[in-house]
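Enquirer: Sharing final.cif here; it has mmCIF, C-alpha atoms and all ligand atoms.
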```cif
data_data
#
loop_
_atom_site.label_atom_id
_atom_site.label_comp_id
_atom_site.auth_asym_id
_atom_site.auth_seq_id
_atom_site.Cartn_x
_atom_site.Cartn_y
_atom_site.Cartn_z
CA MET E 1 0.00 0.00 0.00
CA ARG E 2 1.26 3.50 -0.80
CA ARG E 3 1.73 5.58 2.37
CA THR E 4 0.04 8.96 2.52
CA ILE E 5 -1.11 11.30 5.28
CA THR E 6 -3.88 9.93 7.52
CA HIS E 7 -3.33 12.09 10.65
CA ILE E 8 -2.49 15.67 11.55
CA GLY E 9 -0.57 15.20 14.76
CA GLU E 10 -2.82 13.04 16.91
CA HIS E 11 -5.89 14.04 14.93
CA ALA E 12 -7.17 11.25 12.64
CA LEU E 13 -8.60 12.42 9.32
CA ALA E 14 -12.09 11.27 8.34
CA PRO E 15 -12.68 9.16 5.22
CA ALA E 16 -14.44 12.11 3.53
CA SER E 17 -11.20 14.13 3.82
CA LEU E 18 -8.98 11.28 2.66
CA MET E 19 -10.92 10.56 -0.54
CA MET E 20 -8.98 13.20 -2.47
CA SER E 21 -5.50 11.96 -1.56
CA TYR E 22 -5.23 8.62 0.23
CA GLY E 23 -2.95 6.08 -1.40
CA PHE E 24 -1.86 8.29 -4.31
CA ASP E 25 1.54 9.94 -4.59
CA PRO E 26 1.52 12.70 -7.27
CA LYS E 27 5.30 12.34 -7.62
CA LEU E 28 4.76 8.96 -9.27
CA SER E 29 2.52 10.56 -11.93
CA GLU E 30 4.27 13.75 -13.10
CA GLY E 31 2.74 15.73 -10.22
CA ALA E 32 -0.83 15.16 -11.39
CA ILE E 33 -3.33 16.10 -8.66
CA LYS E 34 -5.61 13.26 -9.74
CA CYS E 35 -4.66 9.63 -10.19
CA PRO E 36 -4.46 9.13 -13.99
CA VAL E 37 -6.28 6.28 -15.73
CA PHE E 38 -3.64 3.64 -16.31
CA GLN E 39 -5.36 2.29 -19.41
CA SER E 40 -2.90 -0.55 -19.70
CA SER E 41 -3.46 -4.30 -19.78
CA THR E 42 0.08 -5.26 -18.75
CA PHE E 43 3.07 -3.78 -16.90
CA VAL E 44 6.78 -3.95 -17.69
CA PHE E 45 8.96 -5.94 -15.27
CA GLU E 46 12.23 -4.38 -14.10
CA SER E 47 14.12 -7.59 -14.80
CA ALA E 48 13.44 -11.26 -15.52
CA ALA E 49 14.23 -12.12 -11.90
CA ALA E 50 11.83 -9.43 -10.63
CA GLY E 51 9.12 -10.79 -12.95
CA LYS E 52 9.61 -14.33 -11.63
CA SER E 53 9.57 -13.12 -8.03
CA VAL E 54 6.33 -11.15 -8.33
CA MET E 55 4.61 -13.99 -10.24
CA GLN E 56 5.58 -16.39 -7.44
CA LEU E 57 3.96 -14.00 -4.99
CA ALA E 58 0.80 -13.68 -7.12
CA TYR E 59 0.38 -17.46 -7.23
CA GLY E 60 0.98 -17.85 -3.50
CA LEU E 61 4.26 -19.71 -4.02
CA ARG E 62 6.06 -17.43 -1.56
CA GLU E 63 5.13 -15.12 1.31
CA ARG E 64 5.12 -11.35 0.87
CA GLU E 65 8.23 -9.83 2.43
CA GLN E 66 7.94 -7.13 5.04
CA ALA E 67 7.50 -3.66 3.50
CA GLU E 68 7.36 -5.25 0.03
CA ASP E 69 5.24 -3.21 -2.39
CA PRO E 70 4.51 -5.83 -5.07
CA ALA E 71 5.09 -4.73 -8.65
CA LEU E 72 2.15 -4.46 -11.02
CA ILE E 73 1.68 -7.43 -13.35
CA TYR E 74 -1.46 -7.48 -15.46
CA SER E 75 -4.78 -5.65 -15.07
CA ARG E 76 -6.79 -8.78 -14.29
CA ILE E 77 -4.61 -9.09 -11.16
CA ASN E 78 -3.91 -5.44 -10.29
CA ASN E 79 -3.88 -1.91 -11.69
CA PRO E 80 -2.90 1.35 -9.97
CA ALA E 81 -6.39 2.93 -10.03
CA LEU E 82 -7.93 -0.32 -8.81
CA GLU E 83 -5.50 -0.61 -5.90
CA ILE E 84 -5.93 3.04 -4.85
CA LEU E 85 -9.71 2.66 -5.11
CA GLU E 86 -9.62 -0.45 -2.92
CA ASP E 87 -7.44 1.29 -0.32
CA ARG E 88 -9.91 4.20 -0.18
CA LEU E 89 -13.01 2.00 -0.06
CA ALA E 90 -11.65 0.03 2.90
CA LEU E 91 -11.41 3.26 4.95
CA TRP E 92 -15.18 3.79 5.13
CA ASP E 93 -15.85 0.43 6.78
CA LYS E 94 -12.57 0.45 8.76
CA ALA E 95 -11.72 -2.80 6.97
CA ASP E 96 -8.29 -4.34 6.37
CA ARG E 97 -8.95 -4.55 2.69
CA ALA E 98 -11.46 -4.06 -0.13
CA LEU E 99 -11.84 -5.82 -3.47
CA VAL E 100 -13.57 -4.22 -6.45
CA PHE E 101 -15.55 -6.16 -9.05
CA ALA E 102 -17.20 -5.62 -12.43
CA SER E 103 -20.65 -5.42 -10.77
CA GLY E 104 -22.44 -5.96 -7.49
CA MET E 105 -23.49 -9.38 -8.79
CA ALA E 106 -19.84 -10.19 -9.65
CA ALA E 107 -18.93 -9.31 -6.05
CA ILE E 108 -21.72 -11.48 -4.64
CA SER E 109 -21.17 -14.49 -6.92
CA THR E 110 -17.35 -14.46 -6.65
CA THR E 111 -17.56 -14.19 -2.85
CA VAL E 112 -20.09 -17.01 -2.52
CA LEU E 113 -18.29 -19.30 -5.01
CA SER E 114 -15.04 -18.82 -3.10
CA MET E 115 -16.56 -20.27 0.07
CA ALA E 116 -19.34 -22.75 -0.83
CA ARG E 117 -18.72 -26.26 -2.22
CA PRO E 118 -21.11 -28.92 -3.56
CA GLY E 119 -23.11 -30.30 -0.61
CA ASP E 120 -22.92 -27.02 1.32
CA ALA E 121 -25.83 -24.81 2.28
CA ILE E 122 -26.36 -21.05 2.51
CA VAL E 123 -29.02 -19.50 4.75
CA TYR E 124 -30.25 -16.08 3.64
CA THR E 125 -32.76 -13.54 4.80
CA ALA E 126 -35.41 -12.75 2.18
CA PRO E 127 -36.23 -10.70 0.27
CA VAL E 128 -32.90 -10.03 -1.39
CA TYR E 129 -32.08 -8.13 -4.58
CA GLY E 130 -33.64 -9.83 -7.63
CA GLY E 131 -30.27 -10.88 -9.13
CA THR E 132 -29.13 -12.33 -5.79
CA ASP E 133 -32.43 -14.19 -5.53
CA PHE E 134 -31.82 -15.70 -8.99
CA LEU E 135 -28.26 -16.73 -8.02
CA PHE E 136 -29.44 -18.42 -4.80
CA ASP E 137 -32.66 -19.91 -6.13
CA LYS E 138 -31.68 -20.98 -9.65
CA LEU E 139 -27.89 -20.98 -10.26
CA LEU E 140 -26.16 -22.20 -7.08
CA PRO E 141 -28.45 -25.28 -6.79
CA GLN E 142 -27.02 -26.40 -10.18
CA PHE E 143 -23.67 -26.71 -8.37
CA GLY E 144 -25.13 -28.66 -5.45
CA ILE E 145 -25.26 -25.62 -3.16
CA ARG E 146 -28.65 -25.43 -1.42
CA CYS E 147 -29.82 -21.94 -0.46
CA HIS E 148 -32.49 -21.54 2.21
CA PRO E 149 -34.47 -18.29 2.41
CA VAL E 150 -35.88 -17.12 5.75
CA HIS E 151 -38.65 -14.55 5.71
CA GLY E 152 -41.31 -13.09 7.95
CA ASP E 153 -40.11 -13.56 11.51
CA LEU E 154 -36.34 -12.94 11.46
CA GLY E 155 -35.93 -13.14 15.23
CA ASP E 156 -33.35 -15.24 17.02
CA ALA E 157 -35.52 -18.36 17.38
CA ALA E 158 -36.75 -18.27 13.76
CA MET E 159 -33.18 -17.89 12.47
CA GLN E 160 -31.95 -20.79 14.62
CA GLN E 161 -34.77 -22.98 13.29
CA ALA E 162 -33.86 -22.02 9.71
CA VAL E 163 -30.25 -23.01 10.35
CA GLU E 164 -31.38 -26.34 11.85
CA ARG E 165 -33.56 -27.01 8.78
CA ALA E 166 -30.64 -26.19 6.49
CA ARG E 167 -28.33 -28.49 8.49
CA ALA E 168 -30.80 -31.34 8.23
CA GLY E 169 -30.65 -31.13 4.42
CA ILE E 170 -26.87 -31.07 4.12
CA GLY E 171 -25.17 -34.07 2.47
CA PRO E 172 -22.15 -35.90 3.88
CA GLY E 173 -19.16 -33.60 4.26
CA GLY E 174 -21.37 -30.55 3.70
CA ARG E 175 -21.56 -27.52 5.94
CA ILE E 176 -23.34 -24.23 6.24
CA ALA E 177 -20.93 -22.10 4.27
CA ALA E 178 -22.50 -18.68 4.79
CA ILE E 179 -25.29 -16.72 6.39
CA TYR E 180 -26.27 -13.97 3.98
CA ALA E 181 -28.31 -10.89 4.81
CA GLU E 182 -29.30 -7.85 2.81
CA ASN E 183 -29.79 -5.08 5.29
CA PRO E 184 -32.08 -3.25 4.96
CA ALA E 185 -33.86 -5.47 2.47
CA ASN E 186 -34.63 -4.16 -0.98
CA PRO E 187 -37.41 -3.01 -1.53
CA THR E 188 -39.13 -3.40 1.86
CA ASN E 189 -36.49 -1.72 4.10
CA ARG E 190 -36.92 -4.50 6.68
CA LEU E 191 -33.94 -4.43 9.09
CA ILE E 192 -32.26 -7.43 10.68
CA ASP E 193 -30.22 -7.61 13.87
CA LEU E 194 -26.69 -8.26 12.62
CA ALA E 195 -25.20 -8.97 16.06
CA MET E 196 -27.77 -11.76 16.44
CA LEU E 197 -26.73 -13.23 13.07
CA ALA E 198 -23.05 -12.97 14.07
CA ASP E 199 -23.82 -14.92 17.28
CA LEU E 200 -25.65 -17.52 15.22
CA ALA E 201 -22.65 -17.89 12.88
CA ARG E 202 -20.32 -18.24 15.88
CA SER E 203 -22.57 -20.88 17.44
CA LEU E 204 -21.69 -23.12 14.45
CA ASP E 205 -17.97 -22.94 15.22
CA GLY E 206 -17.86 -26.69 15.81
CA GLN E 207 -18.93 -27.76 12.31
CA SER E 208 -16.25 -29.36 10.15
CA GLY E 209 -14.65 -26.75 7.89
CA GLY E 210 -15.28 -23.97 10.42
CA ARG E 211 -18.18 -21.65 11.12
CA PRO E 212 -20.15 -19.98 8.34
CA LYS E 213 -19.14 -16.46 7.34
CA LEU E 214 -21.66 -13.70 7.85
CA LEU E 215 -22.04 -11.81 4.56
CA VAL E 216 -23.99 -8.55 4.54
CA ASP E 217 -25.11 -6.64 1.44
CA ASN E 218 -24.85 -3.02 2.61
CA THR E 219 -25.76 -1.36 -0.70
CA MET E 220 -28.80 0.49 0.63
CA LEU E 221 -27.29 2.37 3.61
CA GLY E 222 -23.58 1.99 3.24
CA PRO E 223 -20.99 2.98 3.74
CA LEU E 224 -22.24 6.20 5.36
CA TRP E 225 -25.24 5.12 7.41
CA GLN E 226 -24.39 1.55 8.42
CA GLN E 227 -21.11 -0.27 9.04
CA PRO E 228 -21.86 -3.99 9.42
CA LEU E 229 -18.27 -5.02 10.28
CA ALA E 230 -18.75 -3.17 13.58
CA HIS E 231 -21.79 -5.37 14.28
CA GLY E 232 -20.11 -8.71 13.64
CA ALA E 233 -20.30 -9.17 9.85
CA ASP E 234 -17.30 -10.91 8.30
CA ILE E 235 -17.64 -9.58 4.76
CA VAL E 236 -19.63 -6.57 3.59
CA ILE E 237 -20.73 -6.46 -0.03
CA TYR E 238 -21.73 -3.44 -2.14
CA SER E 239 -23.20 -2.74 -5.49
CA LEU E 240 -21.01 0.30 -6.20
CA THR E 241 -23.40 0.99 -9.08
CA LYS E 242 -25.72 2.61 -6.51
CA TYR E 243 -24.73 5.22 -3.88
CA VAL E 244 -20.95 4.81 -4.12
CA GLY E 245 -20.78 5.27 -7.91
CA GLY E 246 -23.69 7.62 -7.45
CA HIS E 247 -23.98 9.12 -10.95
CA SER E 248 -25.80 6.28 -12.78
CA ASP E 249 -22.88 6.05 -15.20
CA LEU E 250 -21.13 2.83 -14.19
CA ILE E 251 -21.65 -0.76 -13.00
CA ALA E 252 -19.35 -2.10 -10.26
CA GLY E 253 -19.29 -3.90 -6.94
CA SER E 254 -17.03 -4.52 -3.97
CA CYS E 255 -16.50 -6.48 -0.82
CA VAL E 256 -14.60 -5.45 2.31
CA GLY E 257 -13.34 -7.50 5.24
CA SER E 258 -10.25 -8.99 6.82
CA GLU E 259 -7.09 -9.74 4.87
CA ALA E 260 -7.55 -13.46 5.63
CA ASP E 261 -11.18 -13.60 4.44
CA LEU E 262 -10.50 -11.59 1.30
CA ALA E 263 -7.42 -13.55 0.20
CA ALA E 264 -9.47 -16.50 -1.12
CA ILE E 265 -12.02 -14.22 -2.79
CA SER E 266 -9.20 -12.30 -4.47
CA GLY E 267 -7.81 -15.57 -5.87
CA PHE E 268 -11.20 -16.46 -7.33
CA ARG E 269 -11.56 -12.97 -8.79
CA THR E 270 -8.22 -13.24 -10.58
CA ILE E 271 -9.15 -16.52 -12.24
CA LEU E 272 -12.86 -15.85 -12.87
CA GLY E 273 -11.88 -12.42 -14.22
CA THR E 274 -14.60 -10.58 -12.32
CA MET E 275 -12.49 -7.49 -11.52
CA THR E 276 -13.40 -4.05 -12.84
CA ASP E 277 -11.55 -2.13 -15.54
CA PRO E 278 -9.21 0.88 -15.08
CA HIS E 279 -11.67 3.43 -16.44
CA THR E 280 -14.51 2.33 -14.14
CA ALA E 281 -12.06 2.33 -11.22
CA TRP E 282 -11.12 5.90 -12.12
CA LEU E 283 -14.78 6.96 -12.28
CA LEU E 284 -15.28 5.46 -8.82
CA LEU E 285 -12.32 7.46 -7.45
CA ARG E 286 -14.11 10.56 -8.76
CA SER E 287 -17.34 9.41 -7.11
CA LEU E 288 -15.77 8.76 -3.71
CA GLU E 289 -14.77 12.43 -3.44
CA THR E 290 -18.43 13.47 -3.12
CA LEU E 291 -19.85 10.32 -1.51
CA SER E 292 -20.45 11.91 1.87
CA LEU E 293 -21.90 15.12 0.37
CA ARG E 294 -24.26 13.23 -1.93
CA MET E 295 -25.51 10.75 0.63
CA ARG E 296 -26.09 13.45 3.27
CA GLN E 297 -27.98 15.70 0.86
CA ALA E 298 -30.08 12.81 -0.46
CA GLU E 299 -30.95 11.68 3.06
CA ALA E 300 -32.00 15.18 4.15
CA SER E 301 -34.20 15.49 1.05
CA ALA E 302 -35.65 12.00 1.54
CA TRP E 303 -36.98 13.06 4.97
CA LYS E 304 -38.83 15.98 3.37
CA VAL E 305 -40.24 13.99 0.45
CA ALA E 306 -41.25 11.07 2.69
CA GLU E 307 -43.01 13.46 5.08
CA ALA E 308 -44.94 15.15 2.25
CA LEU E 309 -46.01 11.79 0.81
CA GLY E 310 -46.93 10.38 4.22
CA ALA E 311 -49.34 13.26 4.80
CA HIS E 312 -51.16 12.74 1.47
CA PRO E 313 -54.63 11.10 1.48
CA LYS E 314 -53.83 8.89 -1.56
CA VAL E 315 -50.85 7.36 0.25
CA ALA E 316 -51.56 4.46 2.64
CA GLU E 317 -48.07 4.22 4.11
CA VAL E 318 -44.48 5.29 3.55
CA GLY E 319 -41.81 2.67 4.28
CA PHE E 320 -39.04 5.12 5.19
CA LEU E 321 -36.50 4.02 7.81
CA GLY E 322 -36.73 7.41 9.48
CA PHE E 323 -40.36 6.66 10.37
CA VAL E 324 -39.91 3.33 12.21
CA ASP E 325 -41.39 3.43 15.69
CA PRO E 326 -38.43 3.79 18.11
CA ALA E 327 -40.24 1.54 20.59
CA SER E 328 -40.61 -1.33 18.08
CA GLU E 329 -38.07 -4.10 17.44
CA GLN E 330 -37.27 -2.51 14.06
CA GLY E 331 -36.79 0.83 15.82
CA ARG E 332 -34.38 -0.69 18.32
CA ILE E 333 -32.34 -2.31 15.53
CA PHE E 334 -32.32 0.99 13.64
CA ALA E 335 -31.04 2.90 16.68
CA ARG E 336 -28.30 0.36 17.33
CA GLN E 337 -27.11 -0.25 13.79
CA CYS E 338 -27.83 2.76 11.60
CA SER E 339 -26.73 6.39 11.77
CA GLY E 340 -29.07 7.60 9.04
CA ALA E 341 -32.23 6.60 7.19
CA GLY E 342 -30.81 6.60 3.66
CA SER E 343 -32.77 7.92 0.72
CA THR E 344 -34.48 4.88 -0.82
CA PHE E 345 -37.93 4.03 0.45
CA SER E 346 -41.26 2.52 -0.52
CA VAL E 347 -44.57 4.29 -0.95
CA PHE E 348 -47.76 2.22 -0.59
CA LEU E 349 -50.57 3.90 -2.51
CA HIS E 350 -54.24 3.27 -1.82
CA GLY E 351 -55.23 0.84 -4.60
CA GLY E 352 -53.07 -1.54 -6.63
CA GLU E 353 -51.10 -1.79 -9.86
CA ALA E 354 -53.36 0.59 -11.81
CA GLU E 355 -52.93 3.38 -9.24
CA ALA E 356 -49.18 2.73 -8.97
CA PHE E 357 -48.78 2.87 -12.76
CA ARG E 358 -50.78 6.13 -13.01
CA PHE E 359 -48.51 7.69 -10.38
CA LEU E 360 -45.31 6.46 -12.07
CA ASP E 361 -46.40 7.53 -15.56
CA ALA E 362 -47.33 11.02 -14.34
CA LEU E 363 -43.93 11.84 -12.77
CA LYS E 364 -42.14 14.62 -14.68
CA LEU E 365 -38.85 15.29 -12.85
CA MET E 366 -38.26 11.86 -11.35
CA LYS E 367 -37.25 9.27 -13.93
CA LEU E 368 -38.94 5.90 -14.23
CA ALA E 369 -36.03 3.45 -14.00
CA VAL E 370 -34.68 0.60 -11.88
CA SER E 371 -31.54 1.25 -9.80
CA LEU E 372 -31.06 3.68 -6.94
CA GLY E 373 -28.52 5.88 -5.21
CA GLY E 374 -27.78 8.17 -8.16
CA THR E 375 -27.72 11.97 -8.27
CA GLU E 376 -31.10 11.91 -10.05
CA SER E 377 -34.23 10.68 -8.28
CA LEU E 378 -35.69 7.46 -9.65
CA ALA E 379 -39.05 5.75 -9.26
CA SER E 380 -39.72 2.07 -9.94
CA TYR E 381 -42.26 -0.72 -9.46
CA PRO E 382 -40.58 -3.67 -7.67
CA ALA E 383 -43.42 -6.23 -8.16
CA GLY E 384 -43.20 -5.78 -11.94
CA MET E 385 -39.55 -4.73 -12.40
CA THR E 386 -36.67 -5.63 -10.05
CA HIS E 387 -38.58 -8.51 -8.43
CA VAL E 388 -40.71 -9.64 -11.40
CA ASP E 389 -39.03 -13.05 -11.33
CA VAL E 390 -40.05 -13.68 -7.69
CA ALA E 391 -43.16 -15.93 -7.67
CA PRO E 392 -46.38 -14.03 -6.81
CA GLU E 393 -46.96 -15.96 -3.55
CA MET E 394 -43.36 -15.21 -2.48
CA GLN E 395 -43.80 -11.55 -3.44
CA ARG E 396 -46.78 -11.46 -1.08
CA ALA E 397 -44.87 -13.28 1.68
CA TYR E 398 -42.01 -10.76 1.36
CA GLY E 399 -44.33 -7.75 1.41
CA ILE E 400 -43.72 -6.72 -2.21
CA SER E 401 -47.32 -5.71 -2.82
CA ASP E 402 -48.90 -4.43 -6.04
CA ASN E 403 -49.41 -0.92 -4.59
CA LEU E 404 -45.71 -0.51 -3.72
CA VAL E 405 -43.70 2.14 -5.57
CA ARG E 406 -40.02 2.51 -4.72
CA LEU E 407 -38.40 5.93 -4.75
CA SER E 408 -34.69 6.71 -4.68
CA ILE E 409 -34.13 10.33 -3.79
CA GLY E 410 -31.21 12.13 -5.46
CA VAL E 411 -29.71 15.58 -5.05
CA GLU E 412 -32.35 17.76 -6.74
CA GLU E 413 -34.04 20.47 -4.63
CA PRO E 414 -36.44 18.58 -2.34
CA GLU E 415 -39.22 21.14 -2.96
CA ASP E 416 -39.06 20.30 -6.67
CA LEU E 417 -39.34 16.58 -5.93
CA ILE E 418 -42.31 17.20 -3.64
CA ALA E 419 -44.03 19.30 -6.33
CA ASP E 420 -43.50 16.47 -8.81
CA CYS E 421 -44.89 13.81 -6.45
CA LEU E 422 -47.93 15.92 -5.54
CA GLN E 423 -48.87 16.58 -9.19
CA ALA E 424 -48.41 12.86 -9.97
CA LEU E 425 -50.65 11.90 -7.02
CA ASP E 426 -53.31 14.21 -8.52
CA GLN E 427 -53.33 11.92 -11.59
CA VAL E 428 -53.86 8.71 -9.54
C1 LIG E 501 -28.22 -3.34 -7.51
C2 LIG E 501 -28.03 -4.23 -6.35
C3 LIG E 501 -27.24 -5.38 -6.45
C4 LIG E 501 -26.58 -5.81 -7.74
O1 LIG E 501 -25.62 -4.90 -8.18
P1 LIG E 501 -25.18 -4.70 -9.72
O2 LIG E 501 -24.13 -3.66 -9.61
O3 LIG E 501 -26.39 -4.28 -10.48
O4 LIG E 501 -24.67 -6.02 -10.19
C5 LIG E 501 -27.07 -6.14 -5.32
N1 LIG E 501 -27.65 -5.81 -4.15
C6 LIG E 501 -28.44 -4.73 -4.03
C7 LIG E 501 -29.07 -4.40 -2.71
C8 LIG E 501 -28.66 -3.90 -5.12
O5 LIG E 501 -29.45 -2.82 -4.99
#
```
Would you encode the structure as structure tokens?
Ligand SMILES: *Cc1c(COP(=O)(O)O)cnc(C)c1O
Expert:
Amino acid sequence: MRRTITHIGEHALAPASLMMSYGFDPKLSEGAIKCPVFQSSTFVFESAAAGKSVMQLAYGLREREQAEDPALIYSRINNPALEILEDRLALWDKADRALVFASGMAAISTTVLSMARPGDAIVYTAPVYGGTDFLFDKLLPQFGIRCHPVHGDLGDAAMQQAVERARAGIGPGGRIAAIYAENPANPTNRLIDLAMLADLARSLDGQSGGRPKLLVDNTMLGPLWQQPLAHGADIVIYSLTKYVGGHSDLIAGSCVGSEADLAAISGFRTILGTMTDPHTAWLLLRSLETLSLRMRQAEASAWKVAEALGAHPKVAEVGFLGFVDPASEQGRIFARQCSGAGSTFSVFLHGGEAEAFRFLDALKLMKLAVSLGGTESLASYPAGMTHVDVAPEMQRAYGISDNLVRLSIGVEEPEDLIADCLQALDQV
């Protein structure tokens, strides 16, 4: 890792301040203030011996020497912008290390494939993102990996029972490889107690092959409003396409965690080729500079828009995390785990699909598109878009009802967004 300033005297600098400089030495790039795009597939070795030595390191044939800064090899393995981006991403979650991927789904699938083997099981809290649902429900079973969703009651006892059920179905030599949670869930914003899941994972310490890893998809609130590593998660996964990328102009993903946990995932990424490219890495470095500004502004606006919608007679309910009852179980989890409510929430209109469609088609400023976390506000219809592949009875069980519209609030003036929503509600 390249050393740069992280403290002024005893004073530690915040991630938001380090995003413009951390890990990049202008002297190595002609004094450029910004890290250039190293649009290069391969890198020149200093000598044949140096090439052999760094390849041995890359293949795990020798240990890294103290203070060794490994040379660059080939952009499927490493690239300057990718490494600087990973160093900066790790800061937000106070992680040892981050890995960046070509998409959120590349991050999820590479991580899961690195730890689950035929005969193993994965227990996950539902609903999850539509692509993750497809991976767990349709693709991993083709490799003999059984994935067990848990929905409804996600309390301690219900989770323990789900794990017992999963264990009962495991073949000889199999194990529970991972407990996977999306928190909050997309699109319902249901929260789960991560410390409880971490205890559950630890309680399986005795199984052969070691305890399951707790994987948490933190796309919706992270890295600003929730830091799952602090609540016992082993690996935190992001779709960087959303808030971190933040401009709806790239697709990428990441995971963060300990050096030991990420080493195996990194090996799989190198061979599966699921890393991102130098240009996308550079765009993400640009995005990280305003991450805190964007997420704070969007959250402040989301409060205003959610309040205006909640007060409207055509709206039955607004599923905004800021509105959870502090005395409820969800409220207690929110207070313990989250430092902000984020800016993606659901709006339940009186009526069903017809009313939802009239509202969506009448919006003028907000765009009708899947995705979230960008500078522009987006509106979508989960039951018929992101979660269209989830069977109708499961949609109902998960709370993805036909009157649910999902909004992702961006950085426009909140009064303009409210005006847009109110005129669209007039058309319902
Ligand atoms: C979008 C999303 C993903 C998938 O990310 P891609 O970058 O589209 O591959 C995974 N999880 C959540 C919560 C998401 O919103």
Enquirer: Have a look at atom CA of Ile409 of chain E and atom CA of Arg88 of chain E and let me know their distance in Å, one decimal.
Expert: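 Answer for the atom CA of Ile409 of chain E to atom CA of Arg88 of chain E separation: 25.2 Å.
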Enquirer: Select the residues contacting ligand LIG 501 (chain E) at a distance of at most 8 Å, based on only C-alpha atoms and all ligand atoms, then format the selection as a list in words.
Expert: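 Those within range of ligand LIG 501 (chain E) are Ala102, Ser103, Gly104, Met105, Ala106, Ala107, Ile108, Val128, Tyr129, Gly130, Gly131, Thr132, Glu182, Ala185, Asn186, Asp217, Asn218, Thr219, Met220, Tyr238, Ser239, Leu240, Thr241, Lys242, Ile251, Ala252, Gly253, Ser371 and Leu372 of chain E.
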Enquirer: Listing only residues of segment 232-327 of chain E within 10 Å of segment 337-346 of chain E, what is the closest atom pair and its distance in Å (to one decimal) for each, using all atoms listed in the file, sorted by chain and residue number ascending, as CSV?
Expert:
```
residue,atom,partner,partner_atom,distance
E:Tyr243,CA,E:Ser343,CA,9.6
E:Met295,CA,E:Gly342,CA,7.4
E:Arg296,CA,E:Gly342,CA,8.3
E:Gln297,CA,E:Ser343,CA,9.1
E:Ala298,CA,E:Ser343,CA,5.7
E:Glu299,CA,E:Ser343,CA,4.8
E:Ala300,CA,E:Ser343,CA,8.1
E:Ser301,CA,E:Ser343,CA,7.7
E:Ala302,CA,E:Ser343,CA,5.1
E:Trp303,CA,E:Ser343,CA,7.9
E:Val305,CA,E:Ser343,CA,9.6
E:Ala306,CA,E:Phe345,CA,8.1
E:Glu317,CA,E:Ser346,CA,8.4
E:Val318,CA,E:Ser346,CA,5.9
E:Gly319,CA,E:Ser346,CA,4.8
E:Phe320,CA,E:Phe345,CA,5.0
E:Leu321,CA,E:Ala341,CA,5.0
E:Gly322,CA,E:Ala341,CA,5.1
E:Phe323,CA,E:Ala341,CA,8.7
E:Val324,CA,E:Ala341,CA,9.7
```
Enquirer: Take the residues from that selection and put them in a file with C-alpha atoms, as a compact mmCIF listing (two decimals), in the frame of the given file.
Expert:
```
# COMPACT_ATOMS: atom_id res chain seq x y z
CA TYR E 243 -24.73 5.22 -3.88
CA MET E 295 -25.51 10.75 0.63
CA ARG E 296 -26.09 13.45 3.27
CA GLN E 297 -27.98 15.70 0.86
CA ALA E 298 -30.08 12.81 -0.46
CA GLU E 299 -30.95 11.68 3.06
CA ALA E 300 -32.00 15.18 4.15
CA SER E 301 -34.20 15.49 1.05
CA ALA E 302 -35.65 12.00 1.54
CA TRP E 303 -36.98 13.06 4.97
CA VAL E 305 -40.24 13.99 0.45
CA ALA E 306 -41.25 11.07 2.69
CA GLU E 317 -48.07 4.22 4.11
CA VAL E 318 -44.48 5.29 3.55
CA GLY E 319 -41.81 2.67 4.28
CA PHE E 320 -39.04 5.12 5.19
CA LEU E 321 -36.50 4.02 7.81
CA GLY E 322 -36.73 7.41 9.48
CA PHE E 323 -40.36 6.66 10.37
CA VAL E 324 -39.91 3.33 12.21
```
Enquirer: Do a neighbour search on Pro223 of chain E at 7 Å with all atoms listed in the file, toss out local chain neighbours closer than 4 positions, and write the hits as a list of chain:residue names.
Expert: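 Once the nearby chain positions are removed, what remains is E:Trp92, E:Asp93, E:Gln227.
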Enquirer: Rank nothing, just name the residue among E:Thr290, E:Thr42, E:Thr125, E:Thr270 nearest to Gly374 of chain E, using only C-alpha atoms.
Expert: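 Ranked by minimum distance to Gly374 of chain E, first place goes to E:Thr290.
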Enquirer: So how many Å separate atom CA of Ala263 of chain E and atom CA of Gly23 of chain E, to one decimal?
Expert: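 Computing it gives 20.2 Å between the two atoms.
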Enquirer: Write out as a tab-separated table a residue-level contact list of segment 112-180 of chain E versus segment 189-203 of chain E with cut-off 9 Å: for each qualifying residue the closest pair of atoms and the distance in Å to one decimal, counting all atoms listed in the file, rows sorted by chain and residue number upward.
Expert:
```
residue	atom	partner	partner_atom	distance
E:Thr125	CA	E:Ile192	CA	8.5
E:Pro127	CA	E:Arg190	CA	8.9
E:Leu154	CA	E:Ile192	CA	6.9
E:Gly155	CA	E:Asp193	CA	8.1
E:Asp156	CA	E:Met196	CA	6.6
E:Met159	CA	E:Leu197	CA	8.0
E:Gln160	CA	E:Leu200	CA	7.1
E:Val163	CA	E:Leu200	CA	8.7
E:Ala178	CA	E:Ala201	CA	8.1
E:Ile179	CA	E:Ala201	CA	7.1
```
Enquirer: Within 7 Å of Val405 of chain E, counting all atoms listed in the file, which residues show up once you throw out same-chain ones fewer than 2 positions away? Write them as a PyMOL selection string, please.
Expert: chain E and resi 346-348+356+379-382+403+407
Enquirer: How many Å separate atom CA of Val44 of chain E from atom CA of Pro278 of chain E?
Expert: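 Calculated distance between atom CA of Val44 of chain E and atom CA of Pro278 of chain E is 16.9 Å.
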Enquirer: Determine, counting all atoms listed in the file, which protein, DNA and RNA residues have an atom within 10 Å of an atom of segment 66-74 of chain E; residues of the same chain fewer than 4 positions away are not included. Present the result as a list in words.
Expert: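 Non-adjacent residues within range: Met1, Arg2, Ser40, Ser41, Thr42, Phe43, Val44, Phe45, Glu46, Ala50, Gly51, Ser53, Val54, Met55, Leu57, Ala58, Asn78, Asn79, Pro80 and Glu83 of chain E.
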